[in-house]
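Listing of entry02.pdb; format and content: PDB, C-alpha atoms.
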MODEL        1
ATOM      1  CA  MET A 244     114.368  99.543 122.385
ATOM      2  CA  SER A 245     114.274  95.930 121.231
ATOM      3  CA  LYS A 246     112.272  95.219 118.105
ATOM      4  CA  LEU A 247     112.047  93.165 114.948
ATOM      5  CA  TYR A 248     113.372  94.783 111.774
ATOM      6  CA  LEU A 249     112.340  93.471 108.362
ATOM      7  CA  VAL A 250     115.179  94.496 106.075
ATOM      8  CA  PRO A 251     114.916  94.300 102.263
ATOM      9  CA  THR A 252     117.994  93.107 100.404
ATOM     10  CA  PRO A 253     118.946  93.573  96.725
ATOM     11  CA  ILE A 254     117.144  91.395  94.179
ATOM     12  CA  GLY A 255     120.202  91.306  91.931
ATOM     13  CA  ASN A 256     122.241  94.490  91.963
ATOM     14  CA  LEU A 257     124.182  94.810  95.230
ATOM     15  CA  GLU A 258     124.045  98.612  94.943
ATOM     16  CA  ASP A 259     120.300  98.512  95.687
ATOM     17  CA  MET A 260     120.888  98.568  99.434
ATOM     18  CA  THR A 261     119.910 101.580 101.539
ATOM     19  CA  PHE A 262     122.235 103.276 104.033
ATOM     20  CA  ARG A 263     119.691 102.620 106.754
ATOM     21  CA  ALA A 264     119.469  98.914 105.934
ATOM     22  CA  ILE A 265     123.234  98.559 106.226
ATOM     23  CA  ARG A 266     123.245 100.390 109.570
ATOM     24  CA  ILE A 267     120.432  98.260 110.992
ATOM     25  CA  LEU A 268     122.170  95.035 109.985
ATOM     26  CA  LYS A 269     125.386  96.222 111.620
ATOM     27  CA  GLU A 270     123.658  97.285 114.844
ATOM     28  CA  ALA A 271     121.334  94.278 115.256
ATOM     29  CA  ASP A 272     122.115  91.593 117.814
ATOM     30  CA  LEU A 273     121.190  88.877 115.332
ATOM     31  CA  ILE A 274     120.312  88.540 111.649
ATOM     32  CA  LEU A 275     117.787  85.915 110.566
ATOM     33  CA  ALA A 276     118.743  84.803 107.065
ATOM     34  CA  GLU A 277     116.872  82.570 104.637
ATOM     35  CA  ASP A 278     120.175  81.077 103.438
ATOM     36  CA  THR A 279     123.231  82.069 105.480
ATOM     37  CA  ARG A 280     125.561  81.236 102.574
ATOM     38  CA  THR A 281     123.749  83.568 100.191
ATOM     39  CA  SER A 282     123.395  86.331 102.777
ATOM     40  CA  GLY A 283     126.996  85.852 103.827
ATOM     41  CA  LYS A 284     128.125  87.243 100.478
ATOM     42  CA  LEU A 285     125.997  90.364 100.972
ATOM     43  CA  LEU A 286     127.217  90.896 104.515
ATOM     44  CA  LYS A 287     130.838  90.460 103.446
ATOM     45  CA  TYR A 288     130.357  93.011 100.643
ATOM     46  CA  TYR A 289     129.140  95.614 103.148
ATOM     47  CA  GLU A 290     131.545  94.561 105.908
ATOM     48  CA  ILE A 291     128.766  93.473 108.263
ATOM     49  CA  ASP A 292     129.920  90.971 110.890
ATOM     50  CA  THR A 293     126.673  90.514 112.822
ATOM     51  CA  GLN A 294     125.887  86.917 113.786
ATOM     52  CA  MET A 295     123.442  85.114 111.498
ATOM     53  CA  MET A 296     120.914  82.371 112.173
ATOM     54  CA  SER A 297     119.056  80.313 109.580
ATOM     55  CA  HIS A 298     115.356  81.188 109.286
ATOM     56  CA  HIS A 299     113.564  79.692 106.286
ATOM     57  CA  MET A 300     110.297  78.085 105.216
ATOM     58  CA  HIS A 301     111.332  74.659 106.503
ATOM     59  CA  ASN A 302     112.164  75.690 110.065
ATOM     60  CA  GLU A 303     110.313  78.969 110.747
ATOM     61  CA  HIS A 304     107.389  77.237 112.478
ATOM     62  CA  LYS A 305     109.842  75.789 115.004
ATOM     63  CA  THR A 306     111.986  78.896 115.558
ATOM     64  CA  VAL A 307     109.371  81.665 115.858
ATOM     65  CA  ASP A 308     108.606  81.253 119.568
ATOM     66  CA  ALA A 309     112.262  81.287 120.590
ATOM     67  CA  ILE A 310     112.955  84.376 118.466
ATOM     68  CA  VAL A 311     109.993  86.249 119.954
ATOM     69  CA  LYS A 312     111.276  85.452 123.441
ATOM     70  CA  ARG A 313     114.732  86.795 122.557
ATOM     71  CA  ILE A 314     113.299  90.076 121.306
ATOM     72  CA  ALA A 315     111.022  90.363 124.343
ATOM     73  CA  ALA A 316     114.106  89.836 126.528
ATOM     74  CA  GLY A 317     115.803  92.872 124.998
ATOM     75  CA  GLU A 318     117.463  91.839 121.731
ATOM     76  CA  THR A 319     117.063  93.621 118.421
ATOM     77  CA  ILE A 320     116.733  91.155 115.567
ATOM     78  CA  ALA A 321     116.788  91.800 111.820
ATOM     79  CA  CYS A 322     115.117  89.448 109.346
ATOM     80  CA  ILE A 323     116.260  89.246 105.725
ATOM     81  CA  SER A 324     115.497  86.951 102.797
ATOM     82  CA  ASP A 325     117.785  85.862  99.979
ATOM     83  CA  ALA A 326     116.473  88.748  97.880
ATOM     84  CA  GLY A 327     113.831  91.433  98.217
ATOM     85  CA  THR A 328     111.505  92.268 101.089
ATOM     86  CA  PRO A 329     110.929  89.560 103.745
ATOM     87  CA  ALA A 330     107.405  88.088 103.942
ATOM     88  CA  ILE A 331     106.647  88.818 100.263
ATOM     89  CA  SER A 332     106.587  85.199  99.004
ATOM     90  CA  ASP A 333     109.475  84.653 101.458
ATOM     91  CA  PRO A 334     109.854  83.832 105.175
ATOM     92  CA  GLY A 335     108.914  86.615 107.575
ATOM     93  CA  PHE A 336     105.142  86.617 107.839
ATOM     94  CA  LEU A 337     104.860  84.097 110.665
ATOM     95  CA  LEU A 338     107.471  85.909 112.744
ATOM     96  CA  THR A 339     105.894  89.304 112.071
ATOM     97  CA  ARG A 340     102.462  88.050 113.124
ATOM     98  CA  ALA A 341     103.862  86.467 116.281
ATOM     99  CA  CYS A 342     105.658  89.695 117.234
ATOM    100  CA  VAL A 343     102.521  91.782 116.659
ATOM    101  CA  GLU A 344     100.483  89.396 118.792
ATOM    102  CA  ALA A 345     103.124  89.606 121.538
ATOM    103  CA  GLY A 346     103.091  93.398 121.496
ATOM    104  CA  ILE A 347     106.612  93.625 120.073
ATOM    105  CA  GLU A 348     107.397  96.545 117.778
ATOM    106  CA  VAL A 349     107.972  95.640 114.129
ATOM    107  CA  ASP A 350     109.717  97.985 111.721
ATOM    108  CA  CYS A 351     109.738  97.145 107.995
ATOM    109  CA  LEU A 352     112.264  99.181 106.040
ATOM    110  CA  PRO A 353     111.442 100.297 102.485
ATOM    111  CA  GLY A 354     113.579  98.748  99.802
ATOM    112  CA  ALA A 355     113.916  96.315  96.935
ATOM    113  CA  THR A 356     111.017  94.113  95.881
ATOM    114  CA  ALA A 357     110.645  92.539  92.463
ATOM    115  CA  PHE A 358     107.001  93.182  91.658
ATOM    116  CA  VAL A 359     107.032  96.999  91.889
ATOM    117  CA  PRO A 360     109.489  97.670  89.019
ATOM    118  CA  ALA A 361     107.851  94.913  86.961
ATOM    119  CA  LEU A 362     104.408  96.466  87.468
ATOM    120  CA  VAL A 363     105.511 100.000  86.661
ATOM    121  CA  ASN A 364     107.620  98.823  83.715
ATOM    122  CA  SER A 365     104.707  96.924  82.158
ATOM    123  CA  GLY A 366     102.829 100.068  81.190
ATOM    124  CA  PHE A 367      99.602  98.482  82.449
ATOM    125  CA  PRO A 368      97.174 100.329  84.760
ATOM    126  CA  ASN A 369      98.599 100.284  88.279
ATOM    127  CA  ASP A 370      96.108 102.422  90.190
ATOM    128  CA  LYS A 371      94.537  99.117  91.243
ATOM    129  CA  PHE A 372      96.268  95.752  91.152
ATOM    130  CA  VAL A 373      96.239  92.332  92.834
ATOM    131  CA  PHE A 374      99.343  90.453  93.963
ATOM    132  CA  GLU A 375      98.962  86.698  93.434
ATOM    133  CA  GLY A 376     102.554  85.617  94.082
ATOM    134  CA  PHE A 377     103.175  82.002  93.075
ATOM    135  CA  LEU A 378     100.073  80.222  91.767
ATOM    136  CA  PRO A 379      99.179  76.724  93.027
ATOM    137  CA  VAL A 380     101.302  74.106  91.303
ATOM    138  CA  LYS A 381      98.695  71.342  91.076
ATOM    139  CA  LYS A 382      95.811  71.295  93.551
ATOM    140  CA  GLY A 383      93.661  74.375  93.162
ATOM    141  CA  ARG A 384      95.447  75.677  90.060
ATOM    142  CA  GLN A 385      92.447  75.371  87.724
ATOM    143  CA  THR A 386      90.150  76.900  90.342
ATOM    144  CA  ARG A 387      92.519  79.846  90.733
ATOM    145  CA  PHE A 388      92.673  80.461  86.979
ATOM    146  CA  LEU A 389      88.887  80.373  86.716
ATOM    147  CA  ALA A 390      88.669  83.000  89.467
ATOM    148  CA  LEU A 391      91.380  85.197  87.936
ATOM    149  CA  LYS A 392      89.631  84.994  84.563
ATOM    150  CA  GLU A 393      87.075  87.479  85.901
ATOM    151  CA  GLU A 394      89.613  89.756  87.659
ATOM    152  CA  THR A 395      89.466  93.314  86.282
ATOM    153  CA  ARG A 396      92.544  94.615  88.108
ATOM    154  CA  THR A 397      96.089  94.206  86.842
ATOM    155  CA  MET A 398      97.528  90.939  88.198
ATOM    156  CA  ILE A 399     101.042  90.250  89.489
ATOM    157  CA  ILE A 400     102.294  86.669  89.373
ATOM    158  CA  TYR A 401     105.665  85.136  90.263
ATOM    159  CA  GLU A 402     106.849  82.168  88.228
ATOM    160  CA  SER A 403     109.925  79.969  87.861
ATOM    161  CA  PRO A 404     111.624  79.899  84.437
ATOM    162  CA  HIS A 405     110.938  76.199  83.775
ATOM    163  CA  LYS A 406     107.195  76.708  84.343
ATOM    164  CA  LEU A 407     106.785  79.989  82.469
ATOM    165  CA  VAL A 408     105.781  78.539  79.086
ATOM    166  CA  LYS A 409     103.194  76.262  80.709
ATOM    167  CA  THR A 410     101.734  79.174  82.663
ATOM    168  CA  LEU A 411     101.592  81.388  79.570
ATOM    169  CA  GLY A 412      99.723  78.556  77.842
ATOM    170  CA  HIS A 413      97.210  78.604  80.672
ATOM    171  CA  PHE A 414      96.808  82.362  80.190
ATOM    172  CA  VAL A 415      95.863  81.759  76.553
ATOM    173  CA  ALA A 416      93.431  78.993  77.533
ATOM    174  CA  TYR A 417      91.734  80.781  80.436
ATOM    175  CA  PHE A 418      92.159  84.505  79.684
ATOM    176  CA  GLY A 419      92.127  84.458  75.883
ATOM    177  CA  GLU A 420      94.744  84.886  73.160
ATOM    178  CA  ASP A 421      94.652  88.691  73.219
ATOM    179  CA  ARG A 422      95.010  89.298  76.974
ATOM    180  CA  PRO A 423      97.924  91.755  77.487
ATOM    181  CA  VAL A 424     100.923  90.248  79.275
ATOM    182  CA  SER A 425     104.283  91.649  80.368
ATOM    183  CA  VAL A 426     107.119  89.402  81.544
ATOM    184  CA  SER A 427     110.049  90.979  83.388
ATOM    185  CA  ARG A 428     113.109  88.809  83.863
ATOM    186  CA  GLU A 429     116.313  89.273  85.869
ATOM    187  CA  ILE A 430     115.244  92.666  87.238
ATOM    188  CA  THR A 431     118.239  94.917  88.174
ATOM    189  CA  LYS A 432     120.699  92.357  86.774
ATOM    190  CA  LEU A 433     122.955  92.487  83.722
ATOM    191  CA  HIS A 434     120.568  90.613  81.412
ATOM    192  CA  GLU A 435     117.359  92.311  82.567
ATOM    193  CA  GLU A 436     114.574  92.334  79.988
ATOM    194  CA  THR A 437     110.848  92.959  79.698
ATOM    195  CA  VAL A 438     108.770  91.291  76.974
ATOM    196  CA  ARG A 439     105.305  92.737  76.346
ATOM    197  CA  GLY A 440     102.499  91.624  74.059
ATOM    198  CA  THR A 441      99.403  89.487  73.911
ATOM    199  CA  ALA A 442      99.377  86.183  75.774
ATOM    200  CA  THR A 443      99.860  84.410  72.442
ATOM    201  CA  GLU A 444     102.785  86.618  71.399
ATOM    202  CA  VAL A 445     104.629  86.307  74.701
ATOM    203  CA  LEU A 446     104.029  82.546  74.722
ATOM    204  CA  ALA A 447     105.537  82.265  71.230
ATOM    205  CA  HIS A 448     108.556  84.344  72.291
ATOM    206  CA  TYR A 449     109.444  82.171  75.266
ATOM    207  CA  THR A 450     108.609  78.923  73.453
ATOM    208  CA  ASN A 451     111.353  79.822  70.968
ATOM    209  CA  LYS A 452     113.651  81.349  73.588
ATOM    210  CA  PRO A 453     113.538  79.392  76.870
ATOM    211  CA  PRO A 454     113.847  81.839  79.782
ATOM    212  CA  LYS A 455     116.378  81.915  82.598
ATOM    213  CA  GLY A 456     116.444  83.750  85.920
ATOM    214  CA  GLU A 457     113.863  85.251  88.246
ATOM    215  CA  ILE A 458     110.535  86.138  86.602
ATOM    216  CA  VAL A 459     107.609  88.430  87.362
ATOM    217  CA  ILE A 460     104.512  88.289  85.137
ATOM    218  CA  ILE A 461     102.091  91.183  84.860
ATOM    219  CA  VAL A 462      98.693  90.369  83.363
ATOM    220  CA  GLY A 463      96.143  92.927  82.267
ATOM    221  CA  GLY A 464      92.750  92.612  83.920
ATOM    222  CA  LYS A 465      89.572  91.602  82.117
ATOM    223  CA  SER A 466      88.092  94.462  80.140
ATOM    224  CA  LYS A 467      84.844  95.749  81.620
TER     225      LYS A 467
ENDMDL
END
Show me this structure written as structure tokens.
Amino acid sequence: MSKLYLVPTPIGNLEDMTFRAIRILKEADLILAEDTRTSGKLLKYYEIDTQMMSHHMHNEHKTVDAIVKRIAAGETIACISDAGTPAISDPGFLLTRACVEAGIEVDCLPGATAFVPALVNSGFPNDKFVFEGFLPVKKGRQTRFLALKEETRTMIIYESPHKLVKTLGHFVAYFGEDRPVSVSREITKLHEETVRGTATEVLAHYTNKPPKGEIVIIVGGKSK
């Protein structure tokens, strides 16, 4: 039966690929890849020779309709991102929504995603949490911080390394110097690390030691 598969890929360590994910990618008629060059390395590693097509944030609005038609016509298509689970701060949402609206079956495989290990590793309460992804860069950034200032649940935020220090400074300004923060960097990779402390302490750490790599920030919620 034709369907859309959302297939998680490793976020750093190539061993974090499930047997099922490999099988689906081998059996699919087409693989939608965020960057075919990046995904090509993964496919070569697992000896997957399925045809790939580029599907990323700059062209997904234009390609969704054609992809839905292909699946409806009988093809099985797998969607992957450069790393992690598609549609989590990556392409995949628009296609998933279009397939659901068209009555096409969607199957999301379990697998790698950066925020889960970062959340669990932080030691912060995780019975309730809110995923914020990437915060607004300019417009709406202050408004978002003012709203998050009152958030009582643990918060998950993605950030780029060159913006981390600035964002930590905003935490101090909006959340207070003593708000607990945990920064996980390069999860599953050779130089993986997690730095925990108050907003002030973590800011001081990364001011003196500029960060590199992929970053997930976990912020403790406002105390009730």
Next on the checklist: Using only C-alpha atoms, can you tell me which of A:Leu362, A:Ile320, A:Ile291, A:Leu411 comes closest to A:Glu444?
Outcome noted: A:Leu411
Item to check | Explicit residues for the PyMOL selection byres ((chain A and resi 277-283) around 7) (as a VMD selection string) | outcome: chain A and resid 275 to 276 284 to 287 295 297 to 299 323 to 325
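The set of residues that the PyMOL selection byres ((chain A and resi 413-425) around 6) takes from this file is A:Ser365, A:Lys392, A:Thr410, A:Leu411, A:Gly412, A:Val426, A:Val438, A:Arg439, A:Gly440, A:Thr441, A:Ala442, A:Thr443, A:Ile460, A:Ile461, A:Val462, A:Gly463.
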Item to check | Residue members of the PyMOL selection byres ((chain A and resi 366-374) around 6) in the file shown, as an MDAnalysis selection string | outcome: chainID A and resid 364:365 375:376 396:399
Next on the checklist: Measuring between only C-alpha atoms, which one of A:Ile430, A:Leu389, A:Ala341, A:Val311 shows the shortest distance to A:Thr356?
Outcome noted: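 Checking each candidate against A:Thr356, we get A:Ile430 as the closest.
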Checklist entry - In Å to one decimal, how far is atom CA of A:Thr261 from atom CA of A:Pro353? => result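 For atom CA of A:Pro353 relative to atom CA of A:Thr261, the distance reads 8.6 Å.
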Checklist entry - Between A:Lys246, A:Thr339, A:Glu258, A:His301, which is the closest to A:Ala315 once you count only C-alpha atoms? => result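 Among A:Lys246, A:Thr339, A:Glu258, A:His301, it is A:Lys246 that comes nearest to A:Ala315.
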Item to check | Atomic distance atom CA of A:Pro251 - atom CA of A:Leu338, expressed in Å with one decimal | outcome: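 Straight-line distance from atom CA of A:Pro251 to atom CA of A:Leu338 works out to 15.4 Å.
With atom CA of A:Phe262 on one side and atom CA of A:His434 on the other, the separation reads 26.0 Å.
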Which neighbours of A:Glu402 fall inside 12 Å, counting all atoms listed in the file, when residues of the same chain fewer than 5 positions from it are skipped, and could you give them as a PDB file with C-alpha atoms, keeping the file's coordinate frame?
ATOM      1  CA  SER A 332     106.587  85.199  99.004  1.00  0.00           C
ATOM      2  CA  ALA A 357     110.645  92.539  92.463  1.00  0.00           C
ATOM      3  CA  PHE A 358     107.001  93.182  91.658  1.00  0.00           C
ATOM      4  CA  GLU A 375      98.962  86.698  93.434  1.00  0.00           C
ATOM      5  CA  GLY A 376     102.554  85.617  94.082  1.00  0.00           C
ATOM      6  CA  PHE A 377     103.175  82.002  93.075  1.00  0.00           C
ATOM      7  CA  LEU A 378     100.073  80.222  91.767  1.00  0.00           C
ATOM      8  CA  PRO A 379      99.179  76.724  93.027  1.00  0.00           C
ATOM      9  CA  VAL A 380     101.302  74.106  91.303  1.00  0.00           C
ATOM     10  CA  LEU A 407     106.785  79.989  82.469  1.00  0.00           C
ATOM     11  CA  VAL A 408     105.781  78.539  79.086  1.00  0.00           C
ATOM     12  CA  LYS A 409     103.194  76.262  80.709  1.00  0.00           C
ATOM     13  CA  THR A 410     101.734  79.174  82.663  1.00  0.00           C
ATOM     14  CA  LEU A 411     101.592  81.388  79.570  1.00  0.00           C
ATOM     15  CA  VAL A 426     107.119  89.402  81.544  1.00  0.00           C
ATOM     16  CA  SER A 427     110.049  90.979  83.388  1.00  0.00           C
ATOM     17  CA  ARG A 428     113.109  88.809  83.863  1.00  0.00           C
ATOM     18  CA  PRO A 454     113.847  81.839  79.782  1.00  0.00           C
ATOM     19  CA  LYS A 455     116.378  81.915  82.598  1.00  0.00           C
ATOM     20  CA  GLY A 456     116.444  83.750  85.920  1.00  0.00           C
ATOM     21  CA  GLU A 457     113.863  85.251  88.246  1.00  0.00           C
ATOM     22  CA  ILE A 458     110.535  86.138  86.602  1.00  0.00           C
ATOM     23  CA  VAL A 459     107.609  88.430  87.362  1.00  0.00           C
ATOM     24  CA  ILE A 460     104.512  88.289  85.137  1.00  0.00           C
ATOM     25  CA  ILE A 461     102.091  91.183  84.860  1.00  0.00           C
TER      26      ILE A 461
END
Checklist entry - What residues have an atom no more than 6 Å from (112.7, 92.6, 110.4) in the file's own frame, counting all atoms listed in the file, and can you write them as an MDAnalysis selection string? => result chainID A and resid 247:250 321:322 351
Next on the checklist: If we count only C-alpha atoms and set the cut-off at 8 Å, which residues sit around A:Gly255, ignoring sequence neighbours fewer than 2 positions away in its own chain? Please answer as a ChimeraX atom specification.
Outcome noted: /A:253,257,326,429-432
Checklist entry - What residues have an atom no more than 12 Å from (106.1, 86.0, 119.1) in the file's own frame, counting only C-alpha atoms, and can you write them as a count of residues only? => result 31
Item to check | A:Ser245, A:Thr319, A:Asn256, A:Ser403 ranked by distance to A:Leu433, top pick (using all atoms listed in the file) | outcome: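 Among the listed residues, the smallest separation from A:Leu433 belongs to A:Asn256.
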Next on the checklist: Residues within 7 Å of A:Lys465, please, as a PyMOL selection string. Count only C-alpha atoms; anything in the same chain fewer than 6 positions from it doesn't count.
Outcome noted: chain A and resi 393-395
